[in-house]
Structures are given as C-alpha cells and as structure tokens.
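Q: Here's a structure for you.
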Amino acid sequence: AGAALYNYTRQMNDAVDVIAALVGGGVLDRNPKSHVLFVECGAGWLLGLAERMDEVYEGHAPMVQPKLSRKPSEIVRDQVHCSFQNDQGCLLTYPSLSIENFLFATDYPHSEGTFPFSRQLVETMFDHVPNITEEDKAKVLGLNAVKLFGITPEMVREDTERLMARQENKTQASV
C-alpha cells in the first residue's frame with residue numbers, strides 16, 4: 001500500500017542526491033560554466049536544499065572537503081535548474097535563488113502533467129506570486145529554456161511553424 005505515492009514523491013530525492021554530490025564534491029565549482037537541469041521532480045525543494053547545504057558547509061567547515069570558492073547556495077543559484085509543472089510554490093522562492101533556476105514544463109503526455117489544461121494553469125500560475133514581472137514570467141515560460149539550451153526564440157518559432165505545416169500537410173493528405 002502506498003507504493004505509487006511513495007515512488008513518485010521520492011523522484012525529487014534523486015535530484016537532491018545528485019545536486020548535493022555535484023556541489024559538495026566541487027564538480028560544479030570547478031566547472032562554473034556547466035549547468036544541470038532536473039526534470040520531473042518538481043522544484044519547490046530547491047531553496048531548502050541550497051540553504052541546508054550552506055548550513056552544513058559553514059557549521060561543519062573543519063570536516064568539509066573540498067573547500068569551495070562560493071557558498072553552495074551560490075553554486076545552486078548559478079548552475080542548477082529545475083523544471084516544474086504542478087509545483088507553483090517554487091515560484092515563491094525565486095527571490096532567494098534566481099528566476100533562472102525555474103522552467104515551466106507540461107510533462108506532456110504523462111498523466112501527472114498539465115495537458116490538456118496547460119494554458120489554463122499558465123493563466124493563473126503567477127496569481128499568488130507577488131511582484132513578479134512580465135519579464136520574469138517570460139523567463140519561466142520559455143526564455144530560461146532558450147538560454148539554457150543555447151537556442152533563440154526565432155529558432156523555436158521557425159521549428160514550430162515547420163512542424164505545424166508538416167502536420168497540416170499530413171492532415172490534408174489523409175482527407
């Protein structure tokens with residue numbers, strides 16, 4: 001009993017473990033241009049993890065190796081990203097991290113994703129986030145992904161138009 005709830009809830013623990021290893025082991029600190037993205041594990045826990053790593057790094061400093069050039073939370077802020085769909089609470093934490101840590105995802109076509117209600121969710125997603133700007137909303141909804149993957153909005157637009165034209169041609173051919 002409870003296996004599905006237990007399993008799917010703990011997906012974030014894999015990300016927590018990997019982030020702790022990459023930060024604590026100094027991998028991201030030694031490679032400051034590297035970025036990692038965690039998907040299908042939510043994002044509301046990221047700030048708590050960053051704060052806990054700072055607490056451990058400072059509170060147990062004599063035993064912590066390697067020594068990092070930045071606080072763990074700074075490494076997380078600068079190099080770790082998480083996608084989210086039904087975890088809007090993570091948006092409340094962005095002032096303590098960075099809006100660039102978060103990417104909205106629909107997780108289509110999985111049942112725990114937001115499809116077919118993604119547009120409705122996006123329309124209300126920011127209602128409980130005080131003082132979020134239109135620029136920050138745009139980052140979460142796509143510009144962070146564009147930057148992270150090294151593409152441009154124009155490339156996305158062109159690919160979308162090409163795919164839609166291909167789909168329309170298939171539809172017309174089958175009629």
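Residue names in the structure tokens use chain letters A, B, ... in the order shown, residue numbers from 1 in each chain, and ligand numbers from 1 in the order shown.
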Residues within 10 Å of Gly44 of chain A, please, as an MDAnalysis selection string. Count only C-alpha atoms; anything in the same chain fewer than 6 positions from it doesn't count.
A: chainID A and resid 12 82 84 87:94 102
Q: Can you tell me which residues surround segment 62-68 of chain A at a distance of at most 10 Å, considering only C-alpha atoms, apart from same-chain residues fewer than 3 positions away, and format the answer as a list in words?
A: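 Using only C-alpha atoms, the neighbours found are Val23, Gly24, Gly25, Gly26, Val27, Leu28, Asp29, Arg30, Val56, Tyr57, Glu58, Gly59, Lys71, Pro72 and Ile75 of chain A.
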Q: Extract the full set of strand (DSSP E) residues from chain A according to DSSP on the backbone, and format it as a ChimeraX atom specification.
A: /A:36-38,80-84,102-104
Q: Those same residues - all heavy atoms - I'd like them written as a compact mmCIF listing (two decimals), in the first residue's frame.
A:
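Generated file (result01.txt):
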```
# COMPACT_ATOMS: atom_id res chain seq x y z
N VAL A 36 23.18 22.23 -14.96
CA VAL A 36 22.43 20.98 -14.91
C VAL A 36 20.95 21.31 -14.76
O VAL A 36 20.58 22.27 -14.10
CB VAL A 36 22.91 20.04 -13.78
CG1 VAL A 36 24.30 19.52 -14.06
CG2 VAL A 36 22.88 20.73 -12.44
N LEU A 37 20.13 20.50 -15.41
CA LEU A 37 18.69 20.67 -15.38
C LEU A 37 18.06 19.38 -14.87
O LEU A 37 18.37 18.30 -15.38
CB LEU A 37 18.15 20.99 -16.78
CG LEU A 37 16.63 20.96 -16.97
CD1 LEU A 37 15.95 22.05 -16.13
CD2 LEU A 37 16.29 21.11 -18.45
N PHE A 38 17.19 19.51 -13.88
CA PHE A 38 16.47 18.36 -13.33
C PHE A 38 15.01 18.49 -13.74
O PHE A 38 14.39 19.54 -13.56
CB PHE A 38 16.63 18.31 -11.82
CG PHE A 38 18.06 18.07 -11.42
CD1 PHE A 38 18.95 19.12 -11.28
CD2 PHE A 38 18.53 16.77 -11.26
CE1 PHE A 38 20.28 18.90 -10.96
CE2 PHE A 38 19.85 16.53 -10.94
CZ PHE A 38 20.73 17.61 -10.79
N VAL A 80 22.23 25.42 -11.27
CA VAL A 80 21.23 24.34 -11.17
C VAL A 80 19.86 24.88 -11.59
O VAL A 80 19.45 25.95 -11.17
CB VAL A 80 21.18 23.78 -9.73
CG1 VAL A 80 20.07 22.75 -9.60
CG2 VAL A 80 22.54 23.18 -9.35
N HIS A 81 19.17 24.08 -12.39
CA HIS A 81 17.85 24.47 -12.90
C HIS A 81 16.90 23.29 -12.71
O HIS A 81 17.31 22.14 -12.80
CB HIS A 81 17.95 24.82 -14.38
CG HIS A 81 19.07 25.77 -14.67
ND1 HIS A 81 18.93 27.13 -14.60
CD2 HIS A 81 20.37 25.53 -15.00
CE1 HIS A 81 20.10 27.71 -14.88
NE2 HIS A 81 20.98 26.75 -15.13
N CYS A 82 15.64 23.61 -12.46
CA CYS A 82 14.61 22.58 -12.30
C CYS A 82 13.39 22.96 -13.11
O CYS A 82 12.97 24.12 -13.12
CB CYS A 82 14.19 22.45 -10.83
SG CYS A 82 15.47 21.83 -9.74
N SER A 83 12.81 21.97 -13.75
CA SER A 83 11.51 22.20 -14.39
C SER A 83 10.42 21.85 -13.38
O SER A 83 10.65 21.11 -12.44
CB SER A 83 11.37 21.37 -15.66
OG SER A 83 11.23 20.00 -15.36
N PHE A 84 9.27 22.41 -13.60
CA PHE A 84 8.13 22.13 -12.73
C PHE A 84 6.86 22.23 -13.55
O PHE A 84 6.83 22.84 -14.60
CB PHE A 84 8.08 23.13 -11.54
CG PHE A 84 7.69 24.52 -11.95
CD1 PHE A 84 6.37 24.95 -11.84
CD2 PHE A 84 8.62 25.40 -12.46
CE1 PHE A 84 5.99 26.23 -12.23
CE2 PHE A 84 8.26 26.68 -12.85
CZ PHE A 84 6.95 27.10 -12.74
N PHE A 102 14.23 28.19 -12.69
CA PHE A 102 12.96 27.50 -12.88
C PHE A 102 12.46 27.57 -14.32
O PHE A 102 12.46 28.62 -14.94
CB PHE A 102 11.91 28.07 -11.93
CG PHE A 102 12.36 28.02 -10.49
CD1 PHE A 102 12.63 29.18 -9.79
CD2 PHE A 102 12.56 26.80 -9.86
CE1 PHE A 102 13.08 29.13 -8.47
CE2 PHE A 102 13.01 26.74 -8.55
CZ PHE A 102 13.26 27.91 -7.85
N LEU A 103 11.99 26.42 -14.80
CA LEU A 103 11.43 26.31 -16.14
C LEU A 103 10.09 25.59 -16.05
O LEU A 103 10.02 24.49 -15.51
CB LEU A 103 12.35 25.48 -17.05
CG LEU A 103 13.72 26.04 -17.40
CD1 LEU A 103 14.72 25.89 -16.28
CD2 LEU A 103 14.24 25.35 -18.65
N PHE A 104 9.05 26.21 -16.58
CA PHE A 104 7.74 25.56 -16.60
C PHE A 104 7.75 24.46 -17.65
O PHE A 104 8.29 24.62 -18.75
CB PHE A 104 6.64 26.56 -16.92
CG PHE A 104 5.28 25.93 -17.05
CD1 PHE A 104 4.63 25.45 -15.93
CD2 PHE A 104 4.69 25.77 -18.28
CE1 PHE A 104 3.39 24.83 -16.03
CE2 PHE A 104 3.44 25.17 -18.40
CZ PHE A 104 2.80 24.70 -17.28
```
Q: Taking only C-alpha atoms into account, name the residue in A:Thr133, A:Ala15, A:Val76, A:Lys147 that is nearest to Asn101 of chain A.
A: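 Closest residue, counting only C-alpha atoms: A:Val76.
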Q: Return the single residue from A:Gly150, A:Glu40, A:Pro130, A:Pro95 that is closest to Tyr108 of chain A, with distances computed using only C-alpha atoms.
A: A:Glu40
Q: Using only C-alpha atoms, which residue out of A:Thr106, A:Ser96, A:Thr152, A:Thr160 lies closest to Gln120 of chain A?
A: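 Distance minimum relative to Gln120 of chain A lands on A:Thr106.
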Q: Compare A:Asn13, A:Ser69, A:Ser34, A:Gln79 by their minimum atom-to-atom distance to Leu49 of chain A, counting only C-alpha atoms, and give me the closest one.
A: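 Distance minimum relative to Leu49 of chain A lands on A:Asn13.
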Q: Please measure the separation of atom CA of Ile19 of chain A and atom CA of Leu148 of chain A, giving the value in Å to one decimal.
A: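 Spanning atom CA of Ile19 of chain A to atom CA of Leu148 of chain A is a straight-line distance of 17.3 Å.
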Q: Please identify all polymer residues within 12 Å of Phe115 of chain A, counting only C-alpha atoms, omitting same-chain residues fewer than 6 positions from it, and present them as a CSV table (one decimal) with all heavy atoms, in the first residue's frame.
A:
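Below is the file that was written, part.csv:
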```csv
chain,number,residue,atom,x,y,z
A,85,GLN,N,5.8,21.6,-13.1
A,85,GLN,CA,4.5,21.8,-13.7
A,85,GLN,C,3.4,22.0,-12.6
A,85,GLN,O,2.9,23.1,-12.6
A,85,GLN,CB,4.1,20.6,-14.6
A,85,GLN,CG,4.1,19.2,-14.0
A,85,GLN,CD,5.4,18.5,-14.2
A,85,GLN,OE1,6.3,18.9,-14.9
A,85,GLN,NE2,5.6,17.4,-13.5
A,86,ASN,N,3.2,21.2,-11.7
A,86,ASN,CA,2.2,21.4,-10.7
A,86,ASN,C,2.9,21.8,-9.3
A,86,ASN,O,2.4,21.4,-8.3
A,86,ASN,CB,1.4,20.1,-10.5
A,86,ASN,CG,0.5,19.9,-11.7
A,86,ASN,OD1,-0.1,20.8,-12.2
A,86,ASN,ND2,0.5,18.6,-12.2
A,105,ALA,N,7.2,23.3,-17.3
A,105,ALA,CA,7.1,22.2,-18.2
A,105,ALA,C,5.7,21.6,-18.1
A,105,ALA,O,5.1,21.6,-17.0
A,105,ALA,CB,8.1,21.1,-17.9
A,106,THR,N,5.2,21.1,-19.2
A,106,THR,CA,3.8,20.5,-19.2
A,106,THR,C,3.9,19.0,-18.9
A,106,THR,O,2.9,18.4,-18.5
A,106,THR,CB,3.1,20.7,-20.5
A,106,THR,OG1,3.8,20.0,-21.5
A,106,THR,CG2,2.9,22.1,-20.8
A,107,ASP,N,5.1,18.4,-19.1
A,107,ASP,CA,5.3,16.9,-19.0
A,107,ASP,C,4.4,16.1,-19.9
A,107,ASP,O,4.0,15.0,-19.6
A,107,ASP,CB,5.2,16.5,-17.5
A,107,ASP,CG,5.9,15.2,-17.2
A,107,ASP,OD1,6.8,14.8,-18.0
A,107,ASP,OD2,5.5,14.5,-16.3
A,108,TYR,N,4.0,16.7,-21.0
A,108,TYR,CA,3.2,16.0,-22.0
A,108,TYR,C,3.9,14.8,-22.5
A,108,TYR,O,5.1,14.9,-22.8
A,108,TYR,CB,2.8,17.0,-23.1
A,108,TYR,CG,2.0,16.4,-24.2
A,108,TYR,CD1,0.7,16.2,-24.1
A,108,TYR,CD2,2.7,15.9,-25.4
A,108,TYR,CE1,-0.1,15.6,-25.1
A,108,TYR,CE2,2.0,15.3,-26.4
A,108,TYR,CZ,0.6,15.1,-26.3
A,108,TYR,OH,-0.1,14.6,-27.2
A,109,PRO,N,3.3,13.7,-22.7
A,109,PRO,CA,1.9,13.3,-22.5
A,109,PRO,C,1.7,12.6,-21.2
A,109,PRO,O,0.7,11.8,-21.1
A,109,PRO,CB,1.7,12.4,-23.7
A,109,PRO,CG,3.0,11.7,-23.8
A,109,PRO,CD,4.1,12.7,-23.4
A,121,LEU,N,-3.7,26.6,-16.6
A,121,LEU,CA,-2.7,26.7,-15.5
A,121,LEU,C,-1.8,27.9,-15.6
A,121,LEU,O,-1.6,28.7,-14.7
A,121,LEU,CB,-1.9,25.4,-15.4
A,121,LEU,CG,-0.8,25.4,-14.3
A,121,LEU,CD1,-1.4,25.5,-12.9
A,121,LEU,CD2,0.0,24.2,-14.5
A,122,VAL,N,-1.3,28.1,-16.8
A,122,VAL,CA,-0.4,29.2,-17.0
A,122,VAL,C,-1.1,30.6,-16.8
A,122,VAL,O,-0.5,31.5,-16.2
A,122,VAL,CB,0.2,29.2,-18.5
A,122,VAL,CG1,0.9,30.5,-18.8
A,122,VAL,CG2,1.2,28.0,-18.6
```
Q: How many Å lie between atom CA of Ala145 of chain A and atom CA of Leu22 of chain A, rounded to one decimal?
A: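 Calculated distance between atom CA of Ala145 of chain A and atom CA of Leu22 of chain A is 21.1 Å.
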Q: Please compute the atom CA of Asp17 of chain A-atom CA of Arg77 of chain A distance, one decimal, in Å.
A: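 Value for the atom CA of Asp17 of chain A-atom CA of Arg77 of chain A distance: 16.6 Å.
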Q: Find, counting only C-alpha atoms, the residue in A:Glu112, A:Glu123, A:Asp159, A:Glu100 that gets nearest to Glu135 of chain A.
A: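 For Glu135 of chain A, the nearest of the candidates is A:Glu100.
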